[in-house]
Amino acid sequence: MKKLLILGAGTAGTMMLNKMEAVLDKEEWDITIVDQYETHYYQPGFLFIPFGIYNRRDVIKPKRDFFPPGVNVIFSKIDVVDAGKNQVILDGGKVLSYDILLVATGTKINPAETDGMADGGWHKNIFDFYTVEGAVALQQFLKYWEGGKMVLNIVEMPIKCPVAPLEFVFLADWWFTEQGIRDKVDIEFVTPLPGAFTKPKASKVFGDFLNKKNISLTPEFSTGRVDWENNKLVSWDETSIDYDLLVTIPTNMGDDLIARSGLGDELNFIPTDKFTLQSQANDNIFVIGDATNLPSSKAGSVAHFQADILTDNLLSYIDGKPLKGKFDGHANCYIESGFGKGILIDFNYDTEPLPGKFPLPGVGPFSLLEETRMNHYGKMMFRWMYWNLLLKGAELPIESHMLMAGKRA
Amino acid sequence: MTTKELAGISVDVDAEGFLTDHTVWNLDLAAAIAKEEGIEALTDRHIDVLNFMRKEFEENGTAPSIRKMNKLNVVPTKELYALFPGGPAKKAAKIAGLGKPQGCI
C-alpha cells in the first residue's frame with residue numbers, strides 16, 4: 001500500500017482529506033491525517049465574538065464530524081518531519097512513513113515575538129481576536145468598557161485574513177454606536193502598510209470608509225515593542241501611540257514543527273511553488289493554505305481554491321506526469337462593514353480587487369468593492385456553507401481561477 | 001521606466017526610482033541614491049547590510065526580510081531602523097539597487 005499522509009486537520013487539511021479520499025483507489029492508497037486538537041474552529045466567526053454576535057459554541061464542532069469513513073485519524077502532536085527518510089515522527093516516538101506528504105499546519109499568532117506584548121497587559125487591556133480565548137476575553141472586556149482610546153494594530157505582514165483588522169474596526173464603530181458610547185471612544189487603525197490595504201484601489205475605498213466612520217488611520221507604523229506599564233505602542237524608530245485598549249494582530253508564524261524539521265523560512269512558512277503547490281525542497285511534499293510562503297492571502301477561500309488545483313496536481317504526480325494545475329492566487333473575501341452591510345473583494349496574484357458584480361457578471365447578487373446588505377447576508381450565510389459543503393470537499397458555485405467577467409477595470 | 005543621471009552615469013529607474021537593472025549597481029550609485037533618500041554618508045554598517053542584501057538577492061531572487069537579517073545576526077532590527085530611517089525594507093532595497101520589495105496581501 002502507498003501512503004498519503006496529511007499533517008493538520010484545519011480548513012485546508014480537512015478539505016484535502018475529503019477530496020483525496022474521493023479520488024484515490026482504496027486498494028492502492030492508505031490515507032492518514034494527523035492533528036493535535038479534536039476541535040474544529042470556524043475561524044471567520046472569531047471576528048463576531050468580541051461583539052457578542054457569536055459565542056464560543058457558535059464556532060466549534062468536533063473534527064471527526066468532517067472526516068470521511070475509511071481514513072486513518074491520529075490525534076497527536078508531531079515531533080518532526082524527516083524529509084530525507086520520508087517519515088514523520090509523532091510525540092512519543094511513533095513513526096509514520098509516507099509516499100506523499102501534504103502539509104496543512106497553518107499559521108498562528110505569536111505575541112511573544114514583540115517585547116512587552118504578552119506580558120502584564122495581555123488579556124487585561126491588550127487582546128487578540130485570532131484565537132477563541134482572545135476573542136472571548138475581549139468580549140468580556142468590552143461588555144464593561146466605558147470608553148477611551150481603542151487602538152488596533154497590525155505588527156507585521158503577512159497575517160491571516162488581511163481584511164479582518166478592517167472588519168474589526170468597522171464593527172467596533174457600529175457596536176459602540178449601538179451601546180451609546182461612540183462619542184466616548186476614539187478608534188485608531190495602526191498598520192505597517194502604506195494605507196488601509198495593500199492594493200491601490202481597495203486601499204483607497206477602505207481608506208474612505210475609515211474616514212467616513214471617523215476612524216483615524218496611522219500607516220507605515222512598524223511596531224517594535226509594547227510599553228504595557230504605560231499603555232504605549234512603540235515603533236522601531238521610537239514614535240509612540242497611547243492606548244487604553246489595544247487590539248493587536250501579533251506576528252503570524254507557521255507551526256514550530258516546520259522550524260524543527262528545517263522546512264521553513266524565517267517565519268516558519270514553507271517555500272512552495274506558487275503555481276503547483278509543490279514544496280521547493282522536496283518533490284513528494286506538497287503544501288496548502290496558510291502553511292505556504294505564497295504571496296497570496298492567508299485565508300480559507302484561498303485554501304479552497306488551492307484545494308481543487310492541488311487535487312489535480314497530486315493525481316498527476318502519482319501518475320508521474322507534469323503538474324499542470326496552476327494556482328493563480330485567487331482570493332475572495334466578504335468584509336463586514338457594520339450596520340448590517342458588507343463589502344466583497346475578489347482578486348488574484350495579478351489583478352487587484354476591482355468593482356463589479358459577483359459571481360454572475362452584471363447580475364450579482366453580490367457587489368464587488370461596494371457596501372451592500374446582500375454582501376452582509378453572503379458573509380452570514382457562509383458559515384452554513386463552510387460546515388456543510390466546503391469542509392466536506394463539495395463543489396461550490398465559484399470558479400477556482402479568478403474570472404475577469406463582471407469586473408470593471 | 002525613465003532614465004536618470006546618478007553619480008555621473010545614466011541609469012534606468014522605475015516610477016518610484018528603483019533601479020530596473022541591479023547589475024549596474026556600484027557603491028557610487030548607492031551613495032547617490034542614499035543622498036536622495038536623506039542619508040548623507042554610507043558607513044561601513046550600511047555597506048555590510050547592502051552587500052548582504054545583494055548576495056541574498058542573487059542567491060534567492062528576492063531581497064531578505066528585516067526579520068531574516070535580524071535572525072542571521074546581519075543587523076539587529078533596531079539598528080536597521082536607525083541606519084535607514086523611515087522604512088528600512090524599502091529604503092535599503094532601493095539603495096542596494098534592488099527592485100521594490102514584494103508586498104504581501
# chains A, B, ... in the order shown; residues from 1 in each chain; ligands from 1
call {"tool": "interface_residues", "arguments": {"of": "chain A", "to": "chain B", "cutoff": "6 Å", "atoms": "only C-alpha atoms", "output": "list in words"}}
result
Pro158, Trp236, Glu266, Pro295, Ser296 and Ser297 of chain A
call {"tool": "write_last_selection", "arguments": {"atoms": "N, CA and C atoms", "output": "PDB file, in the first residue's frame"}}
result
ATOM      1  N   PRO A 158       3.236  38.942   6.673  1.00  0.00           N
ATOM      2  CA  PRO A 158       1.831  38.674   6.351  1.00  0.00           C
ATOM      3  C   PRO A 158       1.023  38.236   7.565  1.00  0.00           C
ATOM      4  N   TRP A 236       9.755  50.830  15.956  1.00  0.00           N
ATOM      5  CA  TRP A 236      11.206  50.598  15.929  1.00  0.00           C
ATOM      6  C   TRP A 236      11.971  51.910  15.908  1.00  0.00           C
ATOM      7  N   GLU A 266      12.160  32.182   7.643  1.00  0.00           N
ATOM      8  CA  GLU A 266      12.337  32.788   8.962  1.00  0.00           C
ATOM      9  C   GLU A 266      11.019  32.963   9.710  1.00  0.00           C
ATOM     10  N   PRO A 295       2.780  34.401  -2.034  1.00  0.00           N
ATOM     11  CA  PRO A 295       2.378  35.802  -1.918  1.00  0.00           C
ATOM     12  C   PRO A 295       0.884  35.994  -2.150  1.00  0.00           C
ATOM     13  N   SER A 296       0.084  35.063  -1.633  1.00  0.00           N
ATOM     14  CA  SER A 296      -1.378  35.190  -1.721  1.00  0.00           C
ATOM     15  C   SER A 296      -1.896  35.403  -0.304  1.00  0.00           C
ATOM     16  N   SER A 297      -3.173  35.740  -0.174  1.00  0.00           N
ATOM     17  CA  SER A 297      -3.734  35.945   1.159  1.00  0.00           C
ATOM     18  C   SER A 297      -3.749  34.638   1.930  1.00  0.00           C
TER      19      SER A 297
END
call {"tool": "residues_around", "arguments": {"residues": "Thr62 (chain B)", "least_positions_apart": "4", "cutoff": "12 Å", "atoms": "only C-alpha atoms", "output": "MDAnalysis selection string"}}
result
chainID B and resid 22 52:58 89 93 98:103
call {"tool": "write_last_selection", "arguments": {"atoms": "C-alpha atoms", "output": "PDB file, in the first residue's frame"}}
result
ATOM      1  CA  HIS B  22      20.508  45.601 -10.362  1.00  0.00           C
ATOM      2  CA  PHE B  52      24.269  41.075   2.371  1.00  0.00           C
ATOM      3  CA  MET B  53      21.019  42.077   0.670  1.00  0.00           C
ATOM      4  CA  ARG B  54      22.616  41.876  -2.766  1.00  0.00           C
ATOM      5  CA  LYS B  55      24.130  38.461  -2.044  1.00  0.00           C
ATOM      6  CA  GLU B  56      20.739  37.149  -0.872  1.00  0.00           C
ATOM      7  CA  PHE B  57      19.058  38.649  -3.908  1.00  0.00           C
ATOM      8  CA  GLU B  58      21.481  36.943  -6.252  1.00  0.00           C
ATOM      9  CA  ALA B  89      12.862  47.323   3.905  1.00  0.00           C
ATOM     10  CA  ALA B  93      16.456  47.708  -1.119  1.00  0.00           C
ATOM     11  CA  LEU B  98      17.253  46.009  -5.971  1.00  0.00           C
ATOM     12  CA  GLY B  99      13.612  46.175  -7.025  1.00  0.00           C
ATOM     13  CA  LYS B 100      10.859  47.288  -4.675  1.00  0.00           C
ATOM     14  CA  PRO B 101      10.271  44.530  -2.094  1.00  0.00           C
ATOM     15  CA  GLN B 102       7.214  42.427  -2.850  1.00  0.00           C
ATOM     16  CA  GLY B 103       4.377  43.324  -0.527  1.00  0.00           C
TER      17      GLY B 103
END
call {"tool": "residues_around", "arguments": {"residues": "Val81 (chain A)", "least_positions_apart": "4", "cutoff": "10 Å", "atoms": "only C-alpha atoms", "output": "list of chain:residue names"}}
result
A:Leu7, A:Lys85, A:Asn86, A:Gln87, A:Val88, A:Ile89, A:Leu90, A:Val95, A:Leu96, A:Ser97, A:Leu101, A:Leu257, A:Ile258, A:Ala259, A:Arg260, A:Ser261, A:Gly262, A:Leu263
call {"tool": "residues_around", "arguments": {"residues": "Gln278 (chain A)", "least_positions_apart": "5", "cutoff": "10 Å", "atoms": "only C-alpha atoms", "output": "list of chain:residue names"}}
result
A:Leu102, A:Pro271, A:Thr272, A:Asp273, A:Asp283, A:Asn284, A:Ile285, A:Phe286, A:Val287, A:Ile288, A:Thr292, A:Leu310, A:Asn313, A:Leu314, A:Tyr317, A:Leu323
call {"tool": "write_last_selection", "arguments": {"atoms": "N, CA and C atoms", "output": "PDB file, in the first residue's frame"}}
result
ATOM      1  N   LEU A 102       1.448  15.816   2.703  1.00  0.00           N
ATOM      2  CA  LEU A 102       0.715  17.055   2.445  1.00  0.00           C
ATOM      3  C   LEU A 102       0.706  17.854   3.742  1.00  0.00           C
ATOM      4  N   PRO A 271       8.748  27.275   1.820  1.00  0.00           N
ATOM      5  CA  PRO A 271       8.930  27.711   0.432  1.00  0.00           C
ATOM      6  C   PRO A 271       8.235  26.737  -0.524  1.00  0.00           C
ATOM      7  N   THR A 272       7.256  27.265  -1.260  1.00  0.00           N
ATOM      8  CA  THR A 272       6.350  26.450  -2.064  1.00  0.00           C
ATOM      9  C   THR A 272       6.215  27.060  -3.445  1.00  0.00           C
ATOM     10  N   ASP A 273       6.125  26.222  -4.472  1.00  0.00           N
ATOM     11  CA  ASP A 273       5.892  26.733  -5.824  1.00  0.00           C
ATOM     12  C   ASP A 273       4.530  27.432  -5.848  1.00  0.00           C
ATOM     13  N   ASP A 283      10.192  16.935  -3.806  1.00  0.00           N
ATOM     14  CA  ASP A 283       9.154  16.666  -4.811  1.00  0.00           C
ATOM     15  C   ASP A 283       7.911  16.001  -4.235  1.00  0.00           C
ATOM     16  N   ASN A 284       8.078  15.162  -3.192  1.00  0.00           N
ATOM     17  CA  ASN A 284       6.912  14.445  -2.678  1.00  0.00           C
ATOM     18  C   ASN A 284       6.275  15.130  -1.466  1.00  0.00           C
ATOM     19  N   ILE A 285       6.627  16.394  -1.246  1.00  0.00           N
ATOM     20  CA  ILE A 285       5.944  17.173  -0.203  1.00  0.00           C
ATOM     21  C   ILE A 285       5.184  18.316  -0.865  1.00  0.00           C
ATOM     22  N   PHE A 286       3.893  18.369  -0.583  1.00  0.00           N
ATOM     23  CA  PHE A 286       3.035  19.440  -1.101  1.00  0.00           C
ATOM     24  C   PHE A 286       2.516  20.255   0.088  1.00  0.00           C
ATOM     25  N   VAL A 287       2.191  21.510  -0.187  1.00  0.00           N
ATOM     26  CA  VAL A 287       1.818  22.401   0.913  1.00  0.00           C
ATOM     27  C   VAL A 287       0.566  23.171   0.501  1.00  0.00           C
ATOM     28  N   ILE A 288      -0.342  23.362   1.449  1.00  0.00           N
ATOM     29  CA  ILE A 288      -1.576  24.087   1.132  1.00  0.00           C
ATOM     30  C   ILE A 288      -1.971  25.021   2.263  1.00  0.00           C
ATOM     31  N   THR A 292       2.000  27.775   3.565  1.00  0.00           N
ATOM     32  CA  THR A 292       2.910  28.094   2.461  1.00  0.00           C
ATOM     33  C   THR A 292       3.520  29.481   2.641  1.00  0.00           C
ATOM     34  N   LEU A 310      -4.677  21.555  -6.291  1.00  0.00           N
ATOM     35  CA  LEU A 310      -3.761  20.592  -5.682  1.00  0.00           C
ATOM     36  C   LEU A 310      -4.239  19.156  -5.903  1.00  0.00           C
ATOM     37  N   ASN A 313      -3.097  18.186  -9.229  1.00  0.00           N
ATOM     38  CA  ASN A 313      -1.641  18.025  -9.279  1.00  0.00           C
ATOM     39  C   ASN A 313      -1.170  16.775  -8.549  1.00  0.00           C
ATOM     40  N   LEU A 314      -1.840  16.408  -7.453  1.00  0.00           N
ATOM     41  CA  LEU A 314      -1.448  15.183  -6.738  1.00  0.00           C
ATOM     42  C   LEU A 314      -1.703  13.970  -7.629  1.00  0.00           C
ATOM     43  N   TYR A 317       0.988  13.858 -10.189  1.00  0.00           N
ATOM     44  CA  TYR A 317       2.241  13.429  -9.562  1.00  0.00           C
ATOM     45  C   TYR A 317       2.254  11.902  -9.382  1.00  0.00           C
ATOM     46  N   LEU A 323       2.998  18.524 -13.540  1.00  0.00           N
ATOM     47  CA  LEU A 323       1.927  19.139 -12.759  1.00  0.00           C
ATOM     48  C   LEU A 323       1.325  20.285 -13.566  1.00  0.00           C
TER      49      LEU A 323
END
call {"tool": "atom_distance", "arguments": {"atom1": "CA of Gln179 (chain A)", "atom2": "CA of Tyr42 (chain A)"}}
result
26.7 Å
call {"tool": "residues_around", "arguments": {"residues": "Phe275 (chain A)", "least_positions_apart": "6", "cutoff": "10 Å", "atoms": "only C-alpha atoms", "output": "list in words"}}
result
Leu294, Gln306, Ile309, Leu310, Leu323, Lys324, Gly325, Lys326, Phe327, Asp328 and Gly329 of chain A
call {"tool": "write_last_selection", "arguments": {"atoms": "N, CA and C atoms", "output": "PDB file, in the first residue's frame"}}
result
ATOM      1  N   LEU A 294       3.460  31.471   0.028  1.00  0.00           N
ATOM      2  CA  LEU A 294       2.951  32.092  -1.192  1.00  0.00           C
ATOM      3  C   LEU A 294       2.604  33.573  -0.988  1.00  0.00           C
ATOM      4  N   GLN A 306      -7.137  26.625  -3.809  1.00  0.00           N
ATOM      5  CA  GLN A 306      -5.930  25.808  -3.955  1.00  0.00           C
ATOM      6  C   GLN A 306      -6.270  24.320  -3.961  1.00  0.00           C
ATOM      7  N   ILE A 309      -6.974  22.711  -7.325  1.00  0.00           N
ATOM      8  CA  ILE A 309      -5.770  22.639  -8.155  1.00  0.00           C
ATOM      9  C   ILE A 309      -4.804  21.592  -7.619  1.00  0.00           C
ATOM     10  N   LEU A 310      -4.677  21.555  -6.291  1.00  0.00           N
ATOM     11  CA  LEU A 310      -3.761  20.592  -5.682  1.00  0.00           C
ATOM     12  C   LEU A 310      -4.239  19.156  -5.903  1.00  0.00           C
ATOM     13  N   LEU A 323       2.998  18.524 -13.540  1.00  0.00           N
ATOM     14  CA  LEU A 323       1.927  19.139 -12.759  1.00  0.00           C
ATOM     15  C   LEU A 323       1.325  20.285 -13.566  1.00  0.00           C
ATOM     16  N   LYS A 324       0.099  20.068 -14.035  1.00  0.00           N
ATOM     17  CA  LYS A 324      -0.494  21.063 -14.936  1.00  0.00           C
ATOM     18  C   LYS A 324      -1.329  22.112 -14.213  1.00  0.00           C
ATOM     19  N   GLY A 325      -1.831  21.767 -13.018  1.00  0.00           N
ATOM     20  CA  GLY A 325      -2.672  22.721 -12.277  1.00  0.00           C
ATOM     21  C   GLY A 325      -1.850  23.935 -11.869  1.00  0.00           C
ATOM     22  N   LYS A 326      -2.382  25.104 -12.178  1.00  0.00           N
ATOM     23  CA  LYS A 326      -1.655  26.340 -11.845  1.00  0.00           C
ATOM     24  C   LYS A 326      -2.543  27.238 -10.991  1.00  0.00           C
ATOM     25  N   PHE A 327      -2.202  27.380  -9.715  1.00  0.00           N
ATOM     26  CA  PHE A 327      -2.938  28.277  -8.837  1.00  0.00           C
ATOM     27  C   PHE A 327      -2.627  29.727  -9.232  1.00  0.00           C
ATOM     28  N   ASP A 328      -3.667  30.572  -9.282  1.00  0.00           N
ATOM     29  CA  ASP A 328      -3.470  31.959  -9.745  1.00  0.00           C
ATOM     30  C   ASP A 328      -3.489  32.982  -8.607  1.00  0.00           C
ATOM     31  N   GLY A 329      -3.530  32.501  -7.351  1.00  0.00           N
ATOM     32  CA  GLY A 329      -3.543  33.436  -6.220  1.00  0.00           C
ATOM     33  C   GLY A 329      -4.931  33.944  -5.872  1.00  0.00           C
TER      34      GLY A 329
END
call {"tool": "residues_around", "arguments": {"residues": "Asp173 (chain A)", "least_positions_apart": "4", "cutoff": "9 Å", "atoms": "only C-alpha atoms", "output": "ChimeraX atom specification"}}
result
/A:168-169,177-178,182,185,187,213-215,338
call {"tool": "residues_around", "arguments": {"residues": "region 128-138 of chain A", "least_positions_apart": "4", "cutoff": "6 Å", "atoms": "only C-alpha atoms", "output": "list in words"}}
result
Ile49, Pro50, Val247 and Thr248 of chain A
call {"tool": "write_last_selection", "arguments": {"atoms": "C-alpha atoms", "output": "tab-separated table (two decimals), in the first residue's frame"}}
result
chain	number	residue	atom	x	y	z
A	49	ILE	CA	-17.30	37.03	19.29
A	50	PRO	CA	-15.96	40.28	20.85
A	247	VAL	CA	-6.49	45.08	19.96
A	248	THR	CA	-3.48	43.60	18.24
call {"tool": "select_by_dssp", "arguments": {"residues": "chain B", "states": "helix (DSSP H, G or I)", "output": "VMD selection string"}}
result
chain B and resid 22 to 24 27 to 36 44 to 60 66 to 71 77 to 83 88 to 95
call {"tool": "closest_residue", "arguments": {"among": "B:Leu50, B:Ile39, B:Leu6, B:Met1", "to": "Gly97 (chain B)", "atoms": "only C-alpha atoms"}}
result
B:Leu50
call {"tool": "atom_distance", "arguments": {"atom1": "CA of Leu47 (chain A)", "atom2": "CA of Val163 (chain A)"}}
result
10.8 Å
